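S.K.: Encoded as structure tokens, here's the structure I'll be asking about.
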Amino acid sequence: MVRIRVLVVDDHRIFAESLAAALAAEPDVDVSAAGSGAAASRCLERAAAEGRRFDVLLVDADLGAAGAAVPAQREAGSAPPPPVSDGIALVAGVRVAHPGVRTVVLAERDDPRRAALALQAGASGWVAKDCSLSRLLAVVRGVLREETHLPPALLTGVLRELTAARKHRSDSERLVESLTPREHEVLRCMVAGLGRKDVAARLFLSPHTVRTHMQNVLGKLGVHSTLAAVALARRAGVRPAELSGDVVERSGQLA
């Protein structure tokens, strides 16, 4: 019998333990529980190191694990996983660090916007916490067959959210494409959280030149603050500049 390895991630201990116990009663399911994003990360890393990887994560949408991060098992040059501030962020981190693991988000309530965000982050399903055990098991087995599972009542709202998100991304990508290569470098540094002086040191430019580039970036993107520019850049898929272990190549012309 092929066994399914499931990790329940929820900071409500009674719920997590009850769900784990119910799943463990199934003859083909092995289950563990974690009470935070950090604990889930440790479980995933340990299981991977021992050659017994988890197949499915059941993740609380409102997981309260602020500041934890999924260990970065990632390809060189890829963006690091985001901080684990809630269940959806954990899903995004797991997709990067453990791409073979399927994730299903467990939610207290139907929320088309958050369900759409979960799918964009890499989740394979969104399920109500009060659904039946048979329904949950059907979802677990379904996502292992590459299926995506959503409650029927959420489909229209989620499709609307995804369509809107694609439009915003497309608009943002067109604006980012208007930047020069140097402005794009500056934008990546902004996304990484660097201030003007740090950008200047990193790109071997004067602070005055960097200020000019930043002003040009804001103007071309049609925004009035660095925060808004970073938000637009993230929608467009702009990766932050790597902050360690890399060397910025000089083009021979500084500005």
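A note on labels: chains of the structure tokens are A, B, ... as shown, every chain counts residues from 1, and ligands are counted from 1 in their shown order.
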Please identify all polymer residues within 10 Å of Glu108 in chain A, counting only C-alpha atoms, omitting same-chain residues fewer than 6 positions from it, and present them as a list in words.
M.R.: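 Result of the neighbour search: Asp60, Ala61, Asp62, Val127, Ala128, Lys129 and Asp130 of chain A.
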S.K.: Leaving out Arg95 in chain A and any residue of its chain fewer than 5 positions from it, which residues lie within 8 Å of it when counting only C-alpha atoms, given as a list in words?
M.R.: Gly100, Val101, Ala121 and Gly122 of chain A
S.K.: Would you kindly return, as number ranges by chain, each protein, DNA or RNA residue with an atom no farther than 12 Å from any atom of Cys131 in chain A, considering only C-alpha atoms and excluding same-chain residues fewer than 2 positions away?
M.R.: A: 19, 106-110, 126-129, 133-139, 151
S.K.: Among range 109-223 of chain A, which residues does DSSP mark as alpha helix (DSSP H) when it is run on the backbone? Keep the chain and numbering as in the structure and answer as a PyMOL selection string.
M.R.: chain A and resi 112-121+133-143+155-177+181-191+196-203+207-221
S.K.: Could you tell me how far CA of Asp111 in chain A lies from CA of Val158 in chain A, in Å and to one decimal?
M.R.: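 Separating CA of Asp111 in chain A from CA of Val158 in chain A is a distance of 8.5 Å.
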S.K.: Skipping near chain neighbours, those fewer than 4 positions away, what residues fall within 10 Å of range 233-237 of chain A using only C-alpha atoms, listed as a list in words?
M.R.: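 That gives Ala165, Arg166, His168, Arg169, Ser170, Asp171, Ser172, Glu173, Arg174, Leu175, Val176, Glu177, His184, Leu187, Arg188, Met190, Val191, Leu221, Leu227, Ala228 and Ala229 of chain A.
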S.K.: Could you take the residues named above and write them with N, CA, C and O atoms, as a PDB file, in the first residue's frame?
M.R.:
```
ATOM      1  N   ALA A 165      -6.036  40.160 -11.077  1.00  0.00           N
ATOM      2  CA  ALA A 165      -4.610  40.106 -10.753  1.00  0.00           C
ATOM      3  C   ALA A 165      -3.756  40.021 -12.014  1.00  0.00           C
ATOM      4  O   ALA A 165      -2.700  40.654 -12.107  1.00  0.00           O
ATOM      5  N   ARG A 166      -4.211  39.245 -13.005  1.00  0.00           N
ATOM      6  CA  ARG A 166      -3.464  39.153 -14.265  1.00  0.00           C
ATOM      7  C   ARG A 166      -3.421  40.504 -14.970  1.00  0.00           C
ATOM      8  O   ARG A 166      -2.401  40.880 -15.554  1.00  0.00           O
ATOM      9  N   HIS A 168      -3.632  43.513 -13.518  1.00  0.00           N
ATOM     10  CA  HIS A 168      -2.715  44.375 -12.783  1.00  0.00           C
ATOM     11  C   HIS A 168      -1.269  44.002 -13.083  1.00  0.00           C
ATOM     12  O   HIS A 168      -0.413  44.873 -13.248  1.00  0.00           O
ATOM     13  N   ARG A 169      -0.997  42.702 -13.150  1.00  0.00           N
ATOM     14  CA  ARG A 169       0.374  42.254 -13.425  1.00  0.00           C
ATOM     15  C   ARG A 169       0.801  42.687 -14.818  1.00  0.00           C
ATOM     16  O   ARG A 169       1.917  43.164 -15.024  1.00  0.00           O
ATOM     17  N   SER A 170      -0.102  42.535 -15.795  1.00  0.00           N
ATOM     18  CA  SER A 170       0.220  42.915 -17.169  1.00  0.00           C
ATOM     19  C   SER A 170       0.509  44.406 -17.259  1.00  0.00           C
ATOM     20  O   SER A 170       1.486  44.829 -17.889  1.00  0.00           O
ATOM     21  N   ASP A 171      -0.323  45.217 -16.606  1.00  0.00           N
ATOM     22  CA  ASP A 171      -0.098  46.665 -16.616  1.00  0.00           C
ATOM     23  C   ASP A 171       1.224  47.007 -15.947  1.00  0.00           C
ATOM     24  O   ASP A 171       1.988  47.854 -16.435  1.00  0.00           O
ATOM     25  N   SER A 172       1.499  46.344 -14.827  1.00  0.00           N
ATOM     26  CA  SER A 172       2.741  46.613 -14.100  1.00  0.00           C
ATOM     27  C   SER A 172       3.957  46.196 -14.924  1.00  0.00           C
ATOM     28  O   SER A 172       4.971  46.901 -14.948  1.00  0.00           O
ATOM     29  N   GLU A 173       3.866  45.054 -15.615  1.00  0.00           N
ATOM     30  CA  GLU A 173       4.984  44.584 -16.436  1.00  0.00           C
ATOM     31  C   GLU A 173       5.291  45.575 -17.551  1.00  0.00           C
ATOM     32  O   GLU A 173       6.460  45.827 -17.864  1.00  0.00           O
ATOM     33  N   ARG A 174       4.239  46.144 -18.158  1.00  0.00           N
ATOM     34  CA  ARG A 174       4.474  47.118 -19.235  1.00  0.00           C
ATOM     35  C   ARG A 174       5.198  48.350 -18.704  1.00  0.00           C
ATOM     36  O   ARG A 174       6.088  48.897 -19.373  1.00  0.00           O
ATOM     37  N   LEU A 175       4.835  48.798 -17.506  1.00  0.00           N
ATOM     38  CA  LEU A 175       5.506  49.963 -16.929  1.00  0.00           C
ATOM     39  C   LEU A 175       6.967  49.655 -16.615  1.00  0.00           C
ATOM     40  O   LEU A 175       7.856  50.466 -16.890  1.00  0.00           O
ATOM     41  N   VAL A 176       7.224  48.475 -16.050  1.00  0.00           N
ATOM     42  CA  VAL A 176       8.599  48.101 -15.713  1.00  0.00           C
ATOM     43  C   VAL A 176       9.441  47.972 -16.970  1.00  0.00           C
ATOM     44  O   VAL A 176      10.627  48.323 -16.978  1.00  0.00           O
ATOM     45  N   GLU A 177       8.840  47.498 -18.048  1.00  0.00           N
ATOM     46  CA  GLU A 177       9.576  47.354 -19.310  1.00  0.00           C
ATOM     47  C   GLU A 177      10.020  48.695 -19.879  1.00  0.00           C
ATOM     48  O   GLU A 177      10.912  48.741 -20.733  1.00  0.00           O
ATOM     49  N   HIS A 184      16.323  49.685 -14.021  1.00  0.00           N
ATOM     50  CA  HIS A 184      15.836  48.386 -13.556  1.00  0.00           C
ATOM     51  C   HIS A 184      16.715  47.865 -12.422  1.00  0.00           C
ATOM     52  O   HIS A 184      16.217  47.289 -11.444  1.00  0.00           O
ATOM     53  N   LEU A 187      15.716  49.721  -9.389  1.00  0.00           N
ATOM     54  CA  LEU A 187      14.435  49.228  -8.889  1.00  0.00           C
ATOM     55  C   LEU A 187      14.618  47.922  -8.116  1.00  0.00           C
ATOM     56  O   LEU A 187      14.004  47.722  -7.061  1.00  0.00           O
ATOM     57  N   ARG A 188      15.445  47.025  -8.613  1.00  0.00           N
ATOM     58  CA  ARG A 188      15.696  45.763  -7.899  1.00  0.00           C
ATOM     59  C   ARG A 188      16.314  46.037  -6.524  1.00  0.00           C
ATOM     60  O   ARG A 188      16.002  45.356  -5.551  1.00  0.00           O
ATOM     61  N   MET A 190      15.760  48.751  -4.795  1.00  0.00           N
ATOM     62  CA  MET A 190      14.657  49.291  -4.004  1.00  0.00           C
ATOM     63  C   MET A 190      13.779  48.159  -3.470  1.00  0.00           C
ATOM     64  O   MET A 190      13.350  48.175  -2.317  1.00  0.00           O
ATOM     65  N   VAL A 191      13.522  47.162  -4.310  1.00  0.00           N
ATOM     66  CA  VAL A 191      12.713  46.016  -3.891  1.00  0.00           C
ATOM     67  C   VAL A 191      13.414  45.260  -2.761  1.00  0.00           C
ATOM     68  O   VAL A 191      12.767  44.721  -1.860  1.00  0.00           O
ATOM     69  N   LEU A 221       6.999  54.751 -13.590  1.00  0.00           N
ATOM     70  CA  LEU A 221       6.024  53.810 -13.038  1.00  0.00           C
ATOM     71  C   LEU A 221       4.715  54.507 -12.660  1.00  0.00           C
ATOM     72  O   LEU A 221       3.728  53.834 -12.340  1.00  0.00           O
ATOM     73  N   LEU A 227       7.599  53.047  -1.642  1.00  0.00           N
ATOM     74  CA  LEU A 227       6.741  51.931  -1.249  1.00  0.00           C
ATOM     75  C   LEU A 227       5.811  51.517  -2.383  1.00  0.00           C
ATOM     76  O   LEU A 227       5.646  50.327  -2.674  1.00  0.00           O
ATOM     77  N   ALA A 228       5.218  52.496  -3.059  1.00  0.00           N
ATOM     78  CA  ALA A 228       4.323  52.186  -4.180  1.00  0.00           C
ATOM     79  C   ALA A 228       5.098  51.579  -5.339  1.00  0.00           C
ATOM     80  O   ALA A 228       4.609  50.672  -6.021  1.00  0.00           O
ATOM     81  N   ALA A 229       6.320  52.056  -5.580  1.00  0.00           N
ATOM     82  CA  ALA A 229       7.145  51.502  -6.653  1.00  0.00           C
ATOM     83  C   ALA A 229       7.486  50.047  -6.373  1.00  0.00           C
ATOM     84  O   ALA A 229       7.452  49.194  -7.273  1.00  0.00           O
TER      85      ALA A 229
END
```
